[in-house]
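Below is the file final_27.cif, which contains mmCIF, C-alpha atoms.
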```
data_upload
loop_
_atom_site.label_atom_id
_atom_site.label_comp_id
_atom_site.auth_asym_id
_atom_site.auth_seq_id
_atom_site.Cartn_x
_atom_site.Cartn_y
_atom_site.Cartn_z
CA MET A 15 252.58 27.40 20.13
CA SER A 16 255.14 29.21 22.20
CA GLN A 17 255.39 29.50 25.94
CA SER A 18 257.29 31.87 28.15
CA TYR A 19 260.60 30.53 29.48
CA ASP A 20 261.11 31.09 33.20
CA ARG A 21 264.82 31.87 33.41
CA GLY A 22 264.68 33.14 36.99
CA LEU A 23 266.00 36.54 38.04
CA ILE A 24 269.16 36.80 35.96
CA GLU A 25 269.52 40.43 37.05
CA ASP A 26 270.66 38.96 40.39
CA PHE A 27 274.39 39.15 39.72
CA GLY A 28 275.03 36.92 42.72
CA ARG A 29 274.19 34.09 40.32
CA TRP A 30 277.44 34.63 38.40
CA ARG A 31 278.90 31.30 39.59
CA GLU A 32 276.19 29.35 37.82
CA PHE A 33 276.40 31.46 34.67
CA SER A 34 276.91 29.65 31.40
CA ALA A 35 278.65 31.01 28.28
CA GLY A 36 275.26 32.13 26.93
CA MET A 37 274.52 34.03 30.13
CA TRP A 38 277.93 35.75 30.06
CA ALA A 39 277.31 36.67 26.42
CA TRP A 40 273.98 38.21 27.47
CA ILE A 41 275.61 40.17 30.33
CA PHE A 42 278.48 41.41 28.12
CA HIS A 43 276.11 42.38 25.32
CA LYS A 44 273.99 44.43 27.74
CA PHE A 45 277.07 46.06 29.34
CA THR A 46 278.66 46.96 25.99
CA GLY A 47 275.29 48.24 24.76
CA TRP A 48 274.95 50.60 27.74
CA VAL A 49 278.52 51.88 27.19
CA LEU A 50 277.90 52.47 23.47
CA ILE A 51 274.63 54.40 23.93
CA GLY A 52 276.31 56.49 26.66
CA TYR A 53 279.17 57.18 24.28
CA LEU A 54 276.81 58.12 21.42
CA PHE A 55 275.25 60.92 23.48
CA THR A 56 278.68 62.12 24.69
CA HIS A 57 280.11 61.92 21.17
CA VAL A 58 277.38 64.12 19.66
CA ALA A 59 277.76 66.58 22.56
CA VAL A 60 281.52 66.95 21.90
CA LEU A 61 281.05 67.12 18.12
CA SER A 62 278.53 69.93 18.68
CA THR A 63 281.46 72.31 19.17
CA ALA A 64 281.42 72.28 15.33
CA LEU A 65 278.36 74.55 15.54
CA THR A 66 280.51 77.32 17.02
CA SER A 67 283.30 76.70 14.51
CA ALA A 68 280.89 76.92 11.56
CA SER A 69 280.21 80.56 12.39
CA ALA A 70 283.83 81.42 13.21
CA ASP A 71 286.07 83.64 11.13
CA PRO A 72 287.33 81.60 8.08
CA ALA A 73 290.89 82.62 8.93
CA THR A 74 290.48 81.08 12.40
CA VAL A 75 289.22 77.84 10.84
CA ALA A 76 292.04 77.82 8.25
CA ALA A 77 294.59 78.23 11.07
CA ASN A 78 292.98 75.32 12.98
CA GLN A 79 292.28 77.69 15.87
CA ASP A 80 288.50 77.08 15.90
CA LEU A 81 286.73 75.55 18.92
CA TYR A 82 286.06 72.15 17.30
CA THR A 83 289.65 71.58 16.19
CA GLN A 84 291.06 72.86 19.47
CA THR A 85 288.68 70.67 21.52
CA ILE A 86 289.31 67.45 19.57
CA GLN A 87 293.06 67.95 19.38
CA ALA A 88 293.28 68.77 23.10
CA LEU A 89 291.34 65.61 23.96
CA GLU A 90 293.40 63.47 21.58
CA SER A 91 296.64 64.73 23.13
CA LEU A 92 295.71 63.05 26.44
CA LEU A 93 296.94 59.49 27.00
CA VAL A 94 293.90 58.68 29.14
CA VAL A 95 291.58 59.58 26.24
CA ARG A 96 293.54 57.30 23.87
CA ILE A 97 293.32 54.46 26.41
CA LEU A 98 289.57 55.06 26.74
CA GLU A 99 289.34 54.91 22.92
CA VAL A 100 291.04 51.50 22.95
CA GLY A 101 288.43 50.47 25.54
CA LEU A 102 285.69 51.83 23.30
CA LEU A 103 287.08 49.81 20.39
CA ALA A 104 287.03 46.66 22.55
CA VAL A 105 283.44 47.32 23.58
CA ALA A 106 282.32 48.06 20.00
CA VAL A 107 284.12 45.06 18.48
CA PHE A 108 282.68 42.66 21.07
CA HIS A 109 279.18 44.13 20.60
CA ILE A 110 279.50 43.73 16.81
CA LEU A 111 280.83 40.15 16.98
CA ASN A 112 278.36 39.04 19.63
CA GLY A 113 275.57 40.83 17.76
CA THR A 114 276.52 38.90 14.64
CA ARG A 115 276.23 35.68 16.69
CA LEU A 116 272.76 36.74 17.80
CA LEU A 117 271.72 37.55 14.22
CA LEU A 118 272.92 34.13 13.04
CA ILE A 119 271.25 32.33 15.97
CA ASP A 120 268.00 34.23 15.20
CA LEU A 121 268.29 32.82 11.68
CA GLY A 122 268.73 29.32 13.13
CA ILE A 123 272.47 29.12 12.46
CA GLY A 124 274.92 27.98 15.15
CA LEU A 125 272.60 27.47 18.14
CA GLU A 126 274.31 24.20 19.03
CA SER A 127 277.78 25.80 18.89
CA GLN A 128 276.90 29.08 20.64
CA ASP A 129 279.37 28.43 23.48
CA ARG A 130 282.26 28.09 21.07
CA SER A 131 281.20 31.13 19.02
CA PHE A 132 281.04 33.21 22.24
CA TYR A 133 284.60 32.21 23.16
CA ALA A 134 285.67 32.89 19.55
CA SER A 135 284.11 36.39 19.82
CA LEU A 136 286.14 37.08 22.97
CA VAL A 137 289.40 35.85 21.42
CA LEU A 138 288.82 37.77 18.17
CA THR A 139 287.94 40.94 20.11
CA GLY A 140 291.19 40.60 22.08
CA ALA A 141 293.25 40.04 18.93
CA ILE A 142 291.72 43.03 17.07
CA VAL A 143 292.16 45.33 20.08
CA VAL A 144 295.79 44.32 20.69
CA ALA A 145 296.59 44.75 16.98
CA SER A 146 294.96 48.23 17.03
CA VAL A 147 296.80 49.57 20.08
CA PRO A 148 299.80 51.04 18.13
CA THR A 149 297.45 52.94 15.78
CA PHE A 150 295.26 54.20 18.61
CA LEU A 151 298.23 55.44 20.62
CA ALA A 152 300.07 57.04 17.66
CA GLY A 153 301.08 60.66 18.11
CA VAL A 154 300.42 60.88 21.84
CA SER A 155 303.15 61.58 24.36
CA LEU A 156 303.37 60.73 28.05
CA MET B 21 256.80 22.83 22.15
CA ALA B 22 258.96 25.82 21.35
CA GLU B 23 260.10 27.92 24.27
CA ARG B 24 260.16 31.65 23.81
CA TYR B 25 263.26 33.42 25.20
CA SER B 26 262.74 36.90 23.73
CA SER B 27 261.47 39.77 25.85
CA PHE B 28 260.20 41.60 22.75
CA THR B 29 256.44 41.70 22.30
CA GLU B 30 255.36 38.66 20.33
CA GLY B 31 254.33 39.67 16.82
CA GLY B 32 255.80 43.16 17.26
CA ARG B 33 258.07 44.90 14.76
CA LEU B 34 260.67 46.32 17.20
CA TRP B 35 262.49 42.98 17.23
CA LEU B 36 262.80 43.02 13.45
CA TRP B 37 263.93 46.67 13.30
CA GLN B 38 266.50 46.03 16.03
CA ARG B 39 267.99 43.29 13.80
CA ILE B 40 267.79 45.31 10.57
CA THR B 41 269.53 48.32 12.17
CA ALA B 42 272.10 45.94 13.72
CA ALA B 43 273.04 44.56 10.30
CA PHE B 44 273.41 48.12 8.91
CA LEU B 45 275.38 49.35 11.94
CA ILE B 46 277.85 46.45 11.79
CA VAL B 47 279.01 47.71 8.38
CA VAL B 48 278.80 51.48 8.99
CA LEU B 49 280.35 51.41 12.48
CA ALA B 50 283.29 49.41 11.16
CA PHE B 51 283.65 51.90 8.26
CA HIS B 52 283.44 54.87 10.68
CA PHE B 53 286.10 53.46 13.02
CA PHE B 54 288.38 52.48 10.17
CA LEU B 55 288.11 55.84 8.36
CA LEU B 56 288.58 58.00 11.45
CA HIS B 57 291.30 56.04 13.21
CA PHE B 58 293.21 54.14 10.53
CA VAL B 59 292.86 56.17 7.28
CA HIS B 60 292.78 59.51 9.11
CA HIS B 61 294.31 59.59 12.56
CA ALA B 62 292.62 60.91 15.67
CA ASP B 63 295.20 63.63 16.36
CA GLU B 64 294.87 65.00 12.79
CA VAL B 65 291.17 65.88 13.09
CA THR B 66 290.29 69.43 12.05
CA PHE B 67 287.02 71.23 11.41
CA GLY B 68 288.07 71.81 7.80
CA MET B 69 288.67 68.10 7.09
CA SER B 70 285.42 67.05 8.77
CA ALA B 71 283.55 69.73 6.83
CA GLY B 72 285.16 68.58 3.58
CA ARG B 73 283.87 65.03 4.12
CA MET B 74 280.41 66.17 5.21
CA GLN B 75 280.01 68.39 2.14
CA GLN B 76 279.86 65.24 -0.03
CA TRP B 77 276.18 64.25 -0.25
CA SER B 78 277.05 60.52 -0.12
CA TYR B 79 278.98 60.92 3.15
CA TYR B 80 276.39 63.34 4.61
CA SER B 81 273.46 61.01 3.88
CA LEU B 82 275.36 57.99 5.22
CA MET B 83 276.16 59.84 8.45
CA ILE B 84 272.56 61.01 8.89
CA LEU B 85 271.36 57.42 8.37
CA PHE B 86 274.07 56.29 10.81
CA LEU B 87 272.80 58.78 13.40
CA VAL B 88 269.18 57.69 12.99
CA THR B 89 269.88 53.94 13.05
CA ALA B 90 272.36 54.17 15.95
CA THR B 91 269.88 56.25 17.98
CA PHE B 92 267.04 53.80 17.29
CA HIS B 93 269.17 50.71 17.94
CA GLY B 94 270.73 52.11 21.13
CA VAL B 95 267.59 53.60 22.66
CA ASN B 96 265.43 50.61 21.70
CA GLY B 97 268.13 48.36 23.17
CA VAL B 98 268.04 50.28 26.46
CA TYR B 99 264.23 50.18 26.46
CA ASN B 100 264.23 46.44 25.87
CA ALA B 101 266.83 45.90 28.61
CA LEU B 102 264.53 47.74 31.04
CA ILE B 103 261.51 45.69 29.93
CA ASN B 104 263.73 42.63 30.42
CA ALA B 105 264.35 43.79 33.99
CA GLY B 106 260.59 43.86 34.67
CA LEU B 107 259.54 47.45 33.85
CA THR B 108 255.75 47.76 33.59
CA GLY B 109 252.81 50.15 34.00
CA VAL B 110 253.28 53.86 34.66
CA LYS B 111 257.06 53.50 34.99
CA ARG B 112 257.18 51.91 31.54
CA ARG B 113 255.19 54.84 30.10
CA VAL B 114 257.50 57.38 31.79
CA VAL B 115 260.56 55.57 30.41
CA GLN B 116 259.01 55.59 26.93
CA VAL B 117 258.51 59.37 27.11
CA VAL B 118 262.00 60.06 28.54
CA LEU B 119 263.75 57.83 25.99
CA GLY B 120 261.63 59.28 23.16
CA GLY B 121 262.55 62.82 24.24
CA ALA B 122 266.24 61.94 24.58
CA SER B 123 266.22 60.38 21.10
CA LEU B 124 264.63 63.47 19.61
CA LEU B 125 267.22 65.74 21.27
CA LEU B 126 270.06 63.55 20.02
CA LEU B 127 268.70 63.51 16.47
CA VAL B 128 268.14 67.28 16.33
CA GLN B 129 271.58 68.05 17.76
CA GLY B 130 273.24 65.46 15.48
CA VAL B 131 271.57 66.90 12.35
CA ARG B 132 272.43 70.46 13.44
CA THR B 133 276.08 69.41 13.81
CA ALA B 134 276.17 67.62 10.44
CA ASN B 135 274.55 70.68 8.83
CA ALA B 136 277.15 72.98 10.42
CA TRP B 137 279.91 70.92 8.76
CA ALA B 138 278.05 70.71 5.46
CA GLY B 139 277.17 74.42 5.43
CA ILE B 140 273.43 73.69 5.23
CA ASP B 141 270.83 76.08 6.69
CA LEU B 142 267.51 74.24 6.69
CA LEU B 143 265.75 76.44 9.22
CA PRO B 144 267.00 79.36 11.34
CA ILE B 145 267.10 77.07 14.42
CA LEU B 146 268.77 74.14 12.57
#
```
Do you think you could lay out the structure here as structure tokens?
Amino acid sequence: MSQSYDRGLIEDFGRWREFSAGMWAWIFHKFTGWVLIGYLFTHVAVLSTALTSASADPATVAANQDLYTQTIQALESLLVVRILEVGLLAVAVFHILNGTRLLLIDLGIGLESQDRSFYASLVLTGAIVVASVPTFLAGVSL
Amino acid sequence: MAERYSSFTEGGRLWLWQRITAAFLIVVLAFHFFLLHFVHHADEVTFGMSAGRMQQWSYYSLMILFLVTATFHGVNGVYNALINAGLTGVKRRVVQVVLGGASLLLLVQGVRTANAWAGIDLLPIL
């Protein structure tokens, strides 16, 4: 028989000093989740410029002068967009790694070492993001 | 006695689907990022190249499944976060309707965009 666990009001962020690794993992997973769903809606909105390009003159498309190509390439020429993309990568990688932890814990694997796996997720996220920076900033000028 | 930490409804299926879509998204999101940032580079994106990929049925069907699973996982995650924060009653119903409507809009617009790349005309409005 299960019973509800009274964890108190964890939405009170003033409790951050007493937060454990598990609580930080919960906060970060929620934060990265909100960022990713926000990005998904924005992403589809920007990609929708393809609808205009699909009906454009084929010569315009062949010359890469269509709205979709122009929009994406204009955005990708901005340093701030590339930096935001690195941030998006960090958010996505952490959400994936922490989500994998959650999946494993749901399956009964690693509950006793969840603190260490949270710290490992943070370190691995940092390493992947740092290693990806040159690729993400390629072809952009100041 | 086992303590129950989850805010999902006990015995419900949303918990399971959230995990199933998570497992799928881990693989497809990594593939999507790798293909569009490491194989192809962000500043090389063109409508023609995107259309070329989307005209392959395997890529098109994967992207449609990606859209559907990401929408479900993201919106259900938001819904569960709000339940977690104590959302009940009429407010909960309103949130269900708003999130359901937003999901539908995202799916329709996402499919319309994929179809524009693939050159598919399902219906005059799609």
State, in Å with one decimal place, the distance from CA of Ile51 (chain A) to CA of Asn135 (chain B). 22.2 Å
So that I can see what lies close to Asn96 (chain B), please list as a PyMOL selection string the residues with an atom at most 9 Å from it, counting all atoms listed in the file and leaving out residues fewer than 6 positions away in the same chain. chain B and resi 34+38+119
Just checking: using only C-alpha atoms, which residue out of A:Leu98, A:Met37, A:Val143, A:Ala64 ends up closest to chain B? A:Ala64
Selection under test: the PyMOL selection byres ((chain A and resi 142) around 12); residues as a compact mmCIF listing (two decimals) with C-alpha atoms, keeping the file's coordinate frame:
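As a result, expr-v2.txt now contains:
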```
# COMPACT_ATOMS: atom_id res chain seq x y z
CA VAL A 100 291.04 51.50 22.95
CA GLY A 101 288.43 50.47 25.54
CA LEU A 103 287.08 49.81 20.39
CA ALA A 104 287.03 46.66 22.55
CA VAL A 105 283.44 47.32 23.58
CA ALA A 106 282.32 48.06 20.00
CA VAL A 107 284.12 45.06 18.48
CA PHE A 108 282.68 42.66 21.07
CA LEU A 111 280.83 40.15 16.98
CA SER A 135 284.11 36.39 19.82
CA LEU A 136 286.14 37.08 22.97
CA VAL A 137 289.40 35.85 21.42
CA LEU A 138 288.82 37.77 18.17
CA THR A 139 287.94 40.94 20.11
CA GLY A 140 291.19 40.60 22.08
CA ALA A 141 293.25 40.04 18.93
CA VAL A 143 292.16 45.33 20.08
CA VAL A 144 295.79 44.32 20.69
CA ALA A 145 296.59 44.75 16.98
CA SER A 146 294.96 48.23 17.03
CA VAL A 147 296.80 49.57 20.08
CA PRO A 148 299.80 51.04 18.13
CA THR A 149 297.45 52.94 15.78
CA PHE A 150 295.26 54.20 18.61
```
Give me, as a PDB file with C-alpha atoms, keeping the file's coordinate frame, the contact residues of chain B against chain A at a cut-off of 10 Å, counting all atoms listed in the file.
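Saved result, iface_20.pdb, follows:
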```pdb
ATOM      1  CA  MET B  21     256.800  22.830  22.150  1.00  0.00           C
ATOM      2  CA  ALA B  22     258.960  25.820  21.350  1.00  0.00           C
ATOM      3  CA  GLU B  23     260.100  27.920  24.270  1.00  0.00           C
ATOM      4  CA  ARG B  24     260.160  31.650  23.810  1.00  0.00           C
ATOM      5  CA  TYR B  25     263.260  33.420  25.200  1.00  0.00           C
ATOM      6  CA  SER B  26     262.740  36.900  23.730  1.00  0.00           C
ATOM      7  CA  SER B  27     261.470  39.770  25.850  1.00  0.00           C
ATOM      8  CA  GLU B  30     255.360  38.660  20.330  1.00  0.00           C
ATOM      9  CA  ARG B  39     267.990  43.290  13.800  1.00  0.00           C
ATOM     10  CA  ILE B  40     267.790  45.310  10.570  1.00  0.00           C
ATOM     11  CA  ALA B  42     272.100  45.940  13.720  1.00  0.00           C
ATOM     12  CA  ALA B  43     273.040  44.560  10.300  1.00  0.00           C
ATOM     13  CA  LEU B  45     275.380  49.350  11.940  1.00  0.00           C
ATOM     14  CA  ILE B  46     277.850  46.450  11.790  1.00  0.00           C
ATOM     15  CA  VAL B  47     279.010  47.710   8.380  1.00  0.00           C
ATOM     16  CA  LEU B  49     280.350  51.410  12.480  1.00  0.00           C
ATOM     17  CA  ALA B  50     283.290  49.410  11.160  1.00  0.00           C
ATOM     18  CA  PHE B  53     286.100  53.460  13.020  1.00  0.00           C
ATOM     19  CA  HIS B  57     291.300  56.040  13.210  1.00  0.00           C
ATOM     20  CA  PHE B  58     293.210  54.140  10.530  1.00  0.00           C
ATOM     21  CA  HIS B  61     294.310  59.590  12.560  1.00  0.00           C
ATOM     22  CA  ALA B  62     292.620  60.910  15.670  1.00  0.00           C
ATOM     23  CA  ASP B  63     295.200  63.630  16.360  1.00  0.00           C
ATOM     24  CA  GLU B  64     294.870  65.000  12.790  1.00  0.00           C
ATOM     25  CA  VAL B  65     291.170  65.880  13.090  1.00  0.00           C
ATOM     26  CA  THR B  66     290.290  69.430  12.050  1.00  0.00           C
ATOM     27  CA  PHE B  67     287.020  71.230  11.410  1.00  0.00           C
ATOM     28  CA  GLY B  68     288.070  71.810   7.800  1.00  0.00           C
ATOM     29  CA  MET B  69     288.670  68.100   7.090  1.00  0.00           C
ATOM     30  CA  SER B  70     285.420  67.050   8.770  1.00  0.00           C
ATOM     31  CA  ALA B  71     283.550  69.730   6.830  1.00  0.00           C
ATOM     32  CA  LEU B  87     272.800  58.780  13.400  1.00  0.00           C
ATOM     33  CA  ALA B  90     272.360  54.170  15.950  1.00  0.00           C
ATOM     34  CA  THR B  91     269.880  56.250  17.980  1.00  0.00           C
ATOM     35  CA  HIS B  93     269.170  50.710  17.940  1.00  0.00           C
ATOM     36  CA  GLY B  94     270.730  52.110  21.130  1.00  0.00           C
ATOM     37  CA  VAL B  95     267.590  53.600  22.660  1.00  0.00           C
ATOM     38  CA  GLY B  97     268.130  48.360  23.170  1.00  0.00           C
ATOM     39  CA  VAL B  98     268.040  50.280  26.460  1.00  0.00           C
ATOM     40  CA  ALA B 101     266.830  45.900  28.610  1.00  0.00           C
ATOM     41  CA  ASN B 104     263.730  42.630  30.420  1.00  0.00           C
ATOM     42  CA  ALA B 105     264.350  43.790  33.990  1.00  0.00           C
ATOM     43  CA  GLY B 106     260.590  43.860  34.670  1.00  0.00           C
ATOM     44  CA  ALA B 122     266.240  61.940  24.580  1.00  0.00           C
ATOM     45  CA  SER B 123     266.220  60.380  21.100  1.00  0.00           C
ATOM     46  CA  LEU B 125     267.220  65.740  21.270  1.00  0.00           C
ATOM     47  CA  LEU B 126     270.060  63.550  20.020  1.00  0.00           C
ATOM     48  CA  LEU B 127     268.700  63.510  16.470  1.00  0.00           C
ATOM     49  CA  GLN B 129     271.580  68.050  17.760  1.00  0.00           C
ATOM     50  CA  GLY B 130     273.240  65.460  15.480  1.00  0.00           C
ATOM     51  CA  VAL B 131     271.570  66.900  12.350  1.00  0.00           C
ATOM     52  CA  ARG B 132     272.430  70.460  13.440  1.00  0.00           C
ATOM     53  CA  THR B 133     276.080  69.410  13.810  1.00  0.00           C
ATOM     54  CA  ALA B 134     276.170  67.620  10.440  1.00  0.00           C
ATOM     55  CA  ASN B 135     274.550  70.680   8.830  1.00  0.00           C
ATOM     56  CA  ALA B 136     277.150  72.980  10.420  1.00  0.00           C
ATOM     57  CA  TRP B 137     279.910  70.920   8.760  1.00  0.00           C
ATOM     58  CA  ALA B 138     278.050  70.710   5.460  1.00  0.00           C
ATOM     59  CA  GLY B 139     277.170  74.420   5.430  1.00  0.00           C
TER      60      GLY B 139
END
```
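Counting from CA of Gly109 (chain B), the distance to CA of Ile41 (chain A) is 25.2 Å.
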